[in-house]
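Contents: one structure, followed by commentary.
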There are 2 protein chains.
Amino acid sequence: MNTTMAPEQLIHQLNWRYATKQFDPKRKIPDRDWAALEQALLLTPSSCGLQPWAFIEVKDPAVRAKLQAVSWGQSQIVDASHLVVLAYKSNLGEGDLDAHIKRIAEVRGVEVKELAGFRAMMAGLLIQGLDGAGRAAWARNQVYIALGNLLTAAAVLGIDACPMEGIDRAQYDAILDLSKKGLATAMVATLGYRSDADKYGGLPKVRFSKKDVFIEI
Amino acid sequence: MNTTMAPEQLIHQLNWRYATKQFDPKRKIPDRDWAALEQALLLTPSSCGLQPWAFIEVKDPAVRAKLQAVSWGQSQIVDASHLVVLAYKSNLGEGDLDAHIKRIAEVRGVEVKELAGFRAMMAGLLIQGLDGAGRAAWARNQVYIALGNLLTAAAVLGIDACPMEGIDRAQYDAILDLSKKGLATAMVATLGYRSDADKYGGLPKVRFSKKDVFIEI
């Protein structure tokens, strides 16, 4: 099986995707495709491999209705096949480094003590090198890698998506009870299939010219 | 032409990728593939579509040697086929909103005045709603979407990559003369092909278990 894409296929799919404003509420993402998107999220790379995040899949229609009310009433929150809230670890600490080290030891069959140098490097960077606000900002940054990965993964599978950052994140935290888990909402992604009625689907994509974005040195 | 990927292909490629520590310095990314990665970067989605970034392709070997010296001496900086610094607009302001509005009008053939409501919404969110540090943090967040997109795009094309955040970003800004362009380094991505000698290529990928990362509500 050839598992790679041709460059033309990739670009076709990235042009095909857009921030879907209106989903077809009747179309659901098949389990096999959704499992792949979950796996893609799980495989997201992060700095030091620390994965300072959690992904909250909201399936309960009553909770989705509550979230819609704090998302400027946008219809995607209730109409999309799937909704995932991407959250970051807002109080990252020594325990998170230990959990990561333990997992590396487990997966790679090495001793924790062999990883002491790597742990000290991470602690220098994140614990000694940053204050609480800096660590939270660092963790929040990483979640945007997950978002970029998710949107591209969905696009290559032919699944529509709409990411939303302009939501009431504090209200999301409250509704989903995230604070006591040490988590805070970064953004939400809605996924499914565009409605034929979505007038945004047919609009030309707006990007700056290549010359305005790329610098060659 | 079928332009989508099967879920199994996507997951195969996301498992295949890893943060490449040692590139084969002799293998170069073909122009056609590199053009697709540039296009993928250009097509990266961003909040409000504002694209608050620039992508600096460093081709000059002397400049790459200087960057290596402020990147903990990591070999990827000089050995990888391509190097791109992902930078964010550090002084985002009204002019950037105007540039975006102008571009939308141009691409979609609408009048600037028809976009007044959208401009006011963006200004409320980013200019009135955030101070300078908040705006810079917002712009920096967006660049991580570009990084996530780039890494997944490279993976599905079968191109190796190593992102690096732990670099001396202030020195990058100085060497690349970014400050006076209103830009600041977020991270660097090196791309090319793994060396057979890279011992990290064969290691099992470390991720938390699905149950530790996903929450269902």
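Every chain in the structure tokens has a letter given in the order shown (A, B, ...), and although residue numbers restart at 1 in each chain, ligands are simply numbered from 1 in the order shown.
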(request) May I have the residues of chain A within 6 Å of chain B, counting only C-alpha atoms, written as JSON, numbers by chain? (result) {"A": [3, 4, 5, 7, 9, 33, 36, 54, 55, 56, 57, 58, 59, 104, 141, 144, 145, 148, 149, 152, 156, 157, 158, 206, 213, 214, 215, 216, 217]}
Let's have the selection written as a PDB file, in the first residue's frame, with N, CA and C atoms.
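Wrote it out as out.pdb, contents follow:
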ATOM      1  N   THR A   3       1.309   4.744   1.097  1.00  0.00           N
ATOM      2  CA  THR A   3       0.642   5.469   2.181  1.00  0.00           C
ATOM      3  C   THR A   3       0.841   6.975   2.099  1.00  0.00           C
ATOM      4  N   THR A   4       1.659   7.427   1.139  1.00  0.00           N
ATOM      5  CA  THR A   4       1.845   8.879   1.037  1.00  0.00           C
ATOM      6  C   THR A   4       0.861   9.481   0.031  1.00  0.00           C
ATOM      7  N   MET A   5       0.779  10.795   0.083  1.00  0.00           N
ATOM      8  CA  MET A   5      -0.061  11.560  -0.844  1.00  0.00           C
ATOM      9  C   MET A   5       0.828  12.198  -1.899  1.00  0.00           C
ATOM     10  N   PRO A   7       1.793  15.559  -3.951  1.00  0.00           N
ATOM     11  CA  PRO A   7       1.667  16.983  -3.579  1.00  0.00           C
ATOM     12  C   PRO A   7       0.378  17.617  -4.087  1.00  0.00           C
ATOM     13  N   GLN A   9      -2.501  16.215  -4.539  1.00  0.00           N
ATOM     14  CA  GLN A   9      -3.640  15.777  -3.709  1.00  0.00           C
ATOM     15  C   GLN A   9      -3.718  16.600  -2.432  1.00  0.00           C
ATOM     16  N   ASP A  33     -13.404   6.819  10.484  1.00  0.00           N
ATOM     17  CA  ASP A  33     -12.762   8.116  10.247  1.00  0.00           C
ATOM     18  C   ASP A  33     -12.543   8.861  11.558  1.00  0.00           C
ATOM     19  N   ALA A  36      -9.623   7.627  13.399  1.00  0.00           N
ATOM     20  CA  ALA A  36      -8.362   8.123  12.815  1.00  0.00           C
ATOM     21  C   ALA A  36      -8.072   9.547  13.283  1.00  0.00           C
ATOM     22  N   ALA A  54      -5.443  18.078  26.942  1.00  0.00           N
ATOM     23  CA  ALA A  54      -6.507  17.072  26.977  1.00  0.00           C
ATOM     24  C   ALA A  54      -7.503  17.448  25.885  1.00  0.00           C
ATOM     25  N   PHE A  55      -8.166  16.443  25.341  1.00  0.00           N
ATOM     26  CA  PHE A  55      -9.148  16.651  24.281  1.00  0.00           C
ATOM     27  C   PHE A  55     -10.500  16.178  24.793  1.00  0.00           C
ATOM     28  N   ILE A  56     -11.446  17.095  24.869  1.00  0.00           N
ATOM     29  CA  ILE A  56     -12.741  16.769  25.441  1.00  0.00           C
ATOM     30  C   ILE A  56     -13.765  16.618  24.318  1.00  0.00           C
ATOM     31  N   GLU A  57     -14.253  15.418  24.160  1.00  0.00           N
ATOM     32  CA  GLU A  57     -15.290  15.153  23.154  1.00  0.00           C
ATOM     33  C   GLU A  57     -16.639  15.351  23.809  1.00  0.00           C
ATOM     34  N   VAL A  58     -17.377  16.309  23.295  1.00  0.00           N
ATOM     35  CA  VAL A  58     -18.688  16.586  23.897  1.00  0.00           C
ATOM     36  C   VAL A  58     -19.778  15.953  23.029  1.00  0.00           C
ATOM     37  N   LYS A  59     -20.422  14.935  23.589  1.00  0.00           N
ATOM     38  CA  LYS A  59     -21.460  14.201  22.854  1.00  0.00           C
ATOM     39  C   LYS A  59     -22.853  14.509  23.376  1.00  0.00           C
ATOM     40  N   ILE A 104       7.886   7.288  28.929  1.00  0.00           N
ATOM     41  CA  ILE A 104       9.001   6.977  28.019  1.00  0.00           C
ATOM     42  C   ILE A 104       9.656   5.664  28.454  1.00  0.00           C
ATOM     43  N   ASN A 141       0.364  27.277  23.765  1.00  0.00           N
ATOM     44  CA  ASN A 141       0.973  27.244  22.426  1.00  0.00           C
ATOM     45  C   ASN A 141       0.916  25.845  21.822  1.00  0.00           C
ATOM     46  N   TYR A 144      -2.110  24.576  19.970  1.00  0.00           N
ATOM     47  CA  TYR A 144      -2.323  25.050  18.602  1.00  0.00           C
ATOM     48  C   TYR A 144      -1.640  24.142  17.570  1.00  0.00           C
ATOM     49  N   ILE A 145      -0.594  23.432  17.987  1.00  0.00           N
ATOM     50  CA  ILE A 145      -0.009  22.416  17.096  1.00  0.00           C
ATOM     51  C   ILE A 145      -1.045  21.324  16.867  1.00  0.00           C
ATOM     52  N   GLY A 148      -3.637  22.586  14.444  1.00  0.00           N
ATOM     53  CA  GLY A 148      -3.147  22.585  13.056  1.00  0.00           C
ATOM     54  C   GLY A 148      -3.102  21.181  12.491  1.00  0.00           C
ATOM     55  N   ASN A 149      -2.628  20.262  13.303  1.00  0.00           N
ATOM     56  CA  ASN A 149      -2.581  18.859  12.901  1.00  0.00           C
ATOM     57  C   ASN A 149      -3.988  18.330  12.628  1.00  0.00           C
ATOM     58  N   THR A 152      -5.567  19.742   9.351  1.00  0.00           N
ATOM     59  CA  THR A 152      -4.966  19.176   8.137  1.00  0.00           C
ATOM     60  C   THR A 152      -5.333  17.704   8.006  1.00  0.00           C
ATOM     61  N   VAL A 156      -7.347  16.129   4.730  1.00  0.00           N
ATOM     62  CA  VAL A 156      -6.884  15.061   3.836  1.00  0.00           C
ATOM     63  C   VAL A 156      -7.839  13.870   3.842  1.00  0.00           C
ATOM     64  N   LEU A 157      -8.631  13.739   4.902  1.00  0.00           N
ATOM     65  CA  LEU A 157      -9.650  12.676   4.924  1.00  0.00           C
ATOM     66  C   LEU A 157     -10.955  13.121   4.242  1.00  0.00           C
ATOM     67  N   GLY A 158     -11.043  14.404   3.897  1.00  0.00           N
ATOM     68  CA  GLY A 158     -12.264  14.900   3.277  1.00  0.00           C
ATOM     69  C   GLY A 158     -13.358  15.196   4.295  1.00  0.00           C
ATOM     70  N   VAL A 206      -9.185  33.359   0.923  1.00  0.00           N
ATOM     71  CA  VAL A 206      -8.384  34.587   1.037  1.00  0.00           C
ATOM     72  C   VAL A 206      -7.077  34.303   1.763  1.00  0.00           C
ATOM     73  N   VAL A 213       4.343  36.906   2.434  1.00  0.00           N
ATOM     74  CA  VAL A 213       4.410  36.002   3.588  1.00  0.00           C
ATOM     75  C   VAL A 213       5.780  35.322   3.690  1.00  0.00           C
ATOM     76  N   PHE A 214       6.418  35.069   2.543  1.00  0.00           N
ATOM     77  CA  PHE A 214       7.707  34.378   2.549  1.00  0.00           C
ATOM     78  C   PHE A 214       8.863  35.360   2.390  1.00  0.00           C
ATOM     79  N   ILE A 215       9.914  35.092   3.128  1.00  0.00           N
ATOM     80  CA  ILE A 215      11.150  35.862   3.015  1.00  0.00           C
ATOM     81  C   ILE A 215      12.245  34.842   2.728  1.00  0.00           C
ATOM     82  N   GLU A 216      13.086  35.124   1.740  1.00  0.00           N
ATOM     83  CA  GLU A 216      14.169  34.197   1.438  1.00  0.00           C
ATOM     84  C   GLU A 216      15.501  34.827   1.818  1.00  0.00           C
ATOM     85  N   ILE A 217      16.296  34.056   2.530  1.00  0.00           N
ATOM     86  CA  ILE A 217      17.605  34.571   2.973  1.00  0.00           C
ATOM     87  C   ILE A 217      18.691  33.600   2.533  1.00  0.00           C
TER      88      ILE A 217
END
Least-squares superposed chain B, target chain A, every Cα, as a compact mmCIF listing (two decimals) with C-alpha atoms, in the first residue's frame:
# COMPACT_ATOMS: atom_id res chain seq x y z
CA MET B 1 -0.01 -0.02 0.01
CA ASN B 2 1.30 3.41 -0.92
CA THR B 3 0.64 5.46 2.18
CA THR B 4 1.85 8.88 1.04
CA MET B 5 -0.05 11.54 -0.85
CA ALA B 6 1.01 13.24 -4.06
CA PRO B 7 1.67 16.98 -3.59
CA GLU B 8 -1.28 17.83 -5.87
CA GLN B 9 -3.64 15.78 -3.72
CA LEU B 10 -2.52 17.54 -0.56
CA ILE B 11 -2.93 21.00 -2.06
CA HIS B 12 -6.29 20.08 -3.52
CA GLN B 13 -7.55 19.07 -0.09
CA LEU B 14 -6.08 22.12 1.67
CA ASN B 15 -7.84 24.33 -0.86
CA TRP B 16 -11.04 22.31 -0.44
CA ARG B 17 -11.19 22.90 3.32
CA TYR B 18 -12.61 26.10 4.79
CA ALA B 19 -13.97 27.21 8.13
CA THR B 20 -17.37 25.60 7.74
CA LYS B 21 -20.13 27.91 8.92
CA GLN B 22 -23.06 25.58 8.34
CA PHE B 23 -22.87 21.83 8.82
CA ASP B 24 -25.31 19.25 7.53
CA PRO B 25 -26.77 18.12 10.88
CA LYS B 26 -27.83 14.77 9.39
CA ARG B 27 -24.38 13.60 8.29
CA LYS B 28 -22.24 11.88 10.88
CA ILE B 29 -18.53 11.09 10.62
CA PRO B 30 -18.14 7.28 10.31
CA ASP B 31 -16.52 5.61 13.32
CA ARG B 32 -13.49 4.54 11.29
CA ASP B 33 -12.76 8.12 10.24
CA TRP B 34 -13.38 9.52 13.71
CA ALA B 35 -11.05 6.92 15.23
CA ALA B 36 -8.36 8.13 12.82
CA LEU B 37 -8.88 11.75 13.85
CA GLU B 38 -8.62 10.79 17.51
CA GLN B 39 -5.44 8.91 16.74
CA ALA B 40 -4.10 11.90 14.82
CA LEU B 41 -4.75 14.12 17.83
CA LEU B 42 -3.06 11.60 20.11
CA LEU B 43 -0.02 11.52 17.81
CA THR B 44 0.39 15.32 17.73
CA PRO B 45 4.02 16.30 18.29
CA SER B 46 4.84 18.66 21.16
CA SER B 47 7.89 20.34 22.60
CA CYS B 48 9.89 17.77 24.61
CA GLY B 49 7.06 15.36 23.77
CA LEU B 50 5.22 16.59 26.87
CA GLN B 51 1.69 16.61 25.40
CA PRO B 52 0.42 19.24 27.86
CA TRP B 53 -3.20 18.85 26.81
CA ALA B 54 -6.52 17.07 26.98
CA PHE B 55 -9.15 16.65 24.27
CA ILE B 56 -12.74 16.76 25.44
CA GLU B 57 -15.28 15.16 23.14
CA VAL B 58 -18.68 16.58 23.90
CA LYS B 59 -21.45 14.20 22.86
CA ASP B 60 -24.24 15.16 25.27
CA PRO B 61 -26.66 17.38 23.30
CA ALA B 62 -27.63 19.28 26.47
CA VAL B 63 -23.99 20.20 27.11
CA ARG B 64 -23.53 21.21 23.47
CA ALA B 65 -26.56 23.50 23.79
CA LYS B 66 -24.97 25.12 26.85
CA LEU B 67 -21.69 25.60 24.97
CA GLN B 68 -23.53 27.15 22.02
CA ALA B 69 -24.88 29.82 24.35
CA VAL B 70 -21.32 30.88 25.23
CA SER B 71 -20.08 30.61 21.61
CA TRP B 72 -21.99 33.59 20.18
CA GLY B 73 -24.84 31.19 19.37
CA GLN B 74 -22.92 29.69 16.44
CA SER B 75 -24.82 26.78 14.92
CA GLN B 76 -21.77 24.58 14.34
CA ILE B 77 -21.60 23.83 18.07
CA VAL B 78 -24.85 21.85 17.89
CA ASP B 79 -25.04 20.93 14.19
CA ALA B 80 -21.60 19.45 13.57
CA SER B 81 -21.21 15.70 13.76
CA HIS B 82 -18.44 15.94 16.36
CA LEU B 83 -17.21 18.57 18.76
CA VAL B 84 -13.87 18.52 20.53
CA VAL B 85 -12.61 21.06 23.02
CA LEU B 86 -8.84 21.36 23.00
CA ALA B 87 -7.58 22.21 26.47
CA TYR B 88 -4.13 22.80 27.94
CA LYS B 89 -2.61 21.92 31.28
CA SER B 90 -2.83 25.24 33.10
CA ASN B 91 -0.70 24.23 36.11
CA LEU B 92 2.03 22.20 34.49
CA GLY B 93 4.53 21.06 37.10
CA GLU B 94 7.10 18.50 38.21
CA GLY B 95 4.42 15.79 38.28
CA ASP B 96 3.82 16.22 34.57
CA LEU B 97 7.51 15.80 33.85
CA ASP B 98 7.52 12.63 35.97
CA ALA B 99 4.49 11.23 34.15
CA HIS B 100 6.21 11.82 30.82
CA ILE B 101 9.46 10.23 31.98
CA LYS B 102 7.57 7.24 33.36
CA ARG B 103 5.77 6.80 30.06
CA ILE B 104 9.00 6.98 28.03
CA ALA B 105 10.56 4.34 30.30
CA GLU B 106 7.48 2.14 29.89
CA VAL B 107 7.19 2.44 26.10
CA ARG B 108 10.91 2.19 25.34
CA GLY B 109 11.87 -0.29 28.04
CA VAL B 110 14.50 1.90 29.65
CA GLU B 111 15.19 2.79 33.29
CA VAL B 112 13.85 6.07 34.68
CA LYS B 113 17.36 6.88 35.92
CA GLU B 114 18.71 6.72 32.37
CA LEU B 115 16.36 9.62 31.58
CA ALA B 116 17.61 11.87 34.38
CA GLY B 117 19.49 14.15 31.98
CA PHE B 118 16.44 14.63 29.79
CA ARG B 119 14.28 15.33 32.84
CA ALA B 120 16.76 17.92 34.11
CA MET B 121 16.76 19.60 30.69
CA MET B 122 12.95 19.82 30.69
CA ALA B 123 12.90 21.11 34.27
CA GLY B 124 15.46 23.78 33.41
CA LEU B 125 13.44 24.90 30.41
CA LEU B 126 9.95 24.80 31.89
CA ILE B 127 10.12 24.83 35.69
CA GLN B 128 13.17 26.96 36.47
CA GLY B 129 13.03 28.83 33.16
CA LEU B 130 9.41 29.97 33.28
CA ASP B 131 6.98 31.29 35.87
CA GLY B 132 3.41 29.98 36.17
CA ALA B 133 2.02 32.33 33.54
CA GLY B 134 4.88 31.49 31.18
CA ARG B 135 4.29 27.77 31.64
CA ALA B 136 0.57 28.17 30.94
CA ALA B 137 1.34 30.19 27.80
CA TRP B 138 3.81 27.52 26.71
CA ALA B 139 1.25 24.75 27.20
CA ARG B 140 -1.40 26.77 25.39
CA ASN B 141 0.96 27.24 22.43
CA GLN B 142 1.36 23.50 22.12
CA VAL B 143 -2.38 22.98 21.78
CA TYR B 144 -2.32 25.06 18.60
CA ILE B 145 -0.01 22.42 17.10
CA ALA B 146 -2.75 19.89 17.85
CA LEU B 147 -5.30 22.16 16.19
CA GLY B 148 -3.16 22.59 13.07
CA ASN B 149 -2.59 18.86 12.90
CA LEU B 150 -6.31 18.11 13.39
CA LEU B 151 -7.44 20.54 10.69
CA THR B 152 -4.97 19.17 8.14
CA ALA B 153 -5.75 15.58 9.10
CA ALA B 154 -9.47 16.25 8.63
CA ALA B 155 -8.84 17.98 5.30
CA VAL B 156 -6.88 15.07 3.84
CA LEU B 157 -9.65 12.68 4.92
CA GLY B 158 -12.27 14.91 3.27
CA ILE B 159 -13.89 15.90 6.56
CA ASP B 160 -15.03 19.46 7.14
CA ALA B 161 -14.12 21.42 10.22
CA CYS B 162 -14.53 24.79 11.86
CA PRO B 163 -12.15 25.86 14.60
CA MET B 164 -13.36 28.56 16.98
CA GLU B 165 -11.17 30.61 19.24
CA GLY B 166 -13.61 33.47 19.87
CA ILE B 167 -15.65 31.64 22.47
CA ASP B 168 -16.13 32.40 26.15
CA ARG B 169 -13.30 30.19 27.32
CA ALA B 170 -13.93 30.77 31.02
CA GLN B 171 -17.53 29.63 30.55
CA TYR B 172 -16.30 26.56 28.67
CA ASP B 173 -14.04 25.76 31.63
CA ALA B 174 -17.01 26.11 33.99
CA ILE B 175 -19.48 24.07 31.91
CA LEU B 176 -16.96 21.28 31.32
CA ASP B 177 -15.62 21.48 34.88
CA LEU B 178 -12.04 21.74 33.65
CA SER B 179 -10.36 23.89 36.32
CA LYS B 180 -10.27 21.24 38.99
CA LYS B 181 -8.63 18.89 36.49
CA GLY B 182 -5.88 21.49 35.97
CA LEU B 183 -7.11 22.22 32.46
CA ALA B 184 -8.17 25.35 30.60
CA THR B 185 -9.91 25.69 27.24
CA ALA B 186 -7.74 26.82 24.32
CA MET B 187 -10.30 26.52 21.53
CA VAL B 188 -13.02 24.29 20.14
CA ALA B 189 -13.08 22.37 16.86
CA THR B 190 -16.32 21.26 15.24
CA LEU B 191 -16.13 18.55 12.58
CA GLY B 192 -18.53 16.94 10.14
CA TYR B 193 -19.77 17.75 6.64
CA ARG B 194 -20.67 21.09 5.10
CA SER B 195 -24.26 21.88 4.27
CA ASP B 196 -24.96 22.62 0.60
CA ALA B 197 -26.65 25.78 1.88
CA ASP B 198 -23.42 27.18 3.38
CA LYS B 199 -22.73 30.23 1.23
CA TYR B 200 -19.17 30.40 2.60
CA GLY B 201 -18.37 27.06 0.95
CA GLY B 202 -18.26 28.63 -2.50
CA LEU B 203 -16.23 31.75 -1.69
CA PRO B 204 -12.66 32.11 -2.97
CA LYS B 205 -10.11 31.45 -0.23
CA VAL B 206 -8.39 34.59 1.04
CA ARG B 207 -4.66 34.40 1.69
CA PHE B 208 -1.92 36.97 1.32
CA SER B 209 0.31 36.64 -1.73
CA LYS B 210 3.30 34.40 -1.35
CA LYS B 211 5.63 37.41 -1.66
CA ASP B 212 3.95 39.03 1.36
CA VAL B 213 4.42 36.00 3.60
CA PHE B 214 7.71 34.38 2.56
CA ILE B 215 11.16 35.84 3.02
CA GLU B 216 14.18 34.18 1.44
CA ILE B 217 17.60 34.57 2.99
(request) Identify all residues of range 8-211 of chain A in alpha helix (DSSP H) (DSSP on the backbone) and supply them as a ChimeraX atom specification. (result) /A:8-16,31-42,61-69,76-79,94-108,116-122,132-157,169-175,210-211
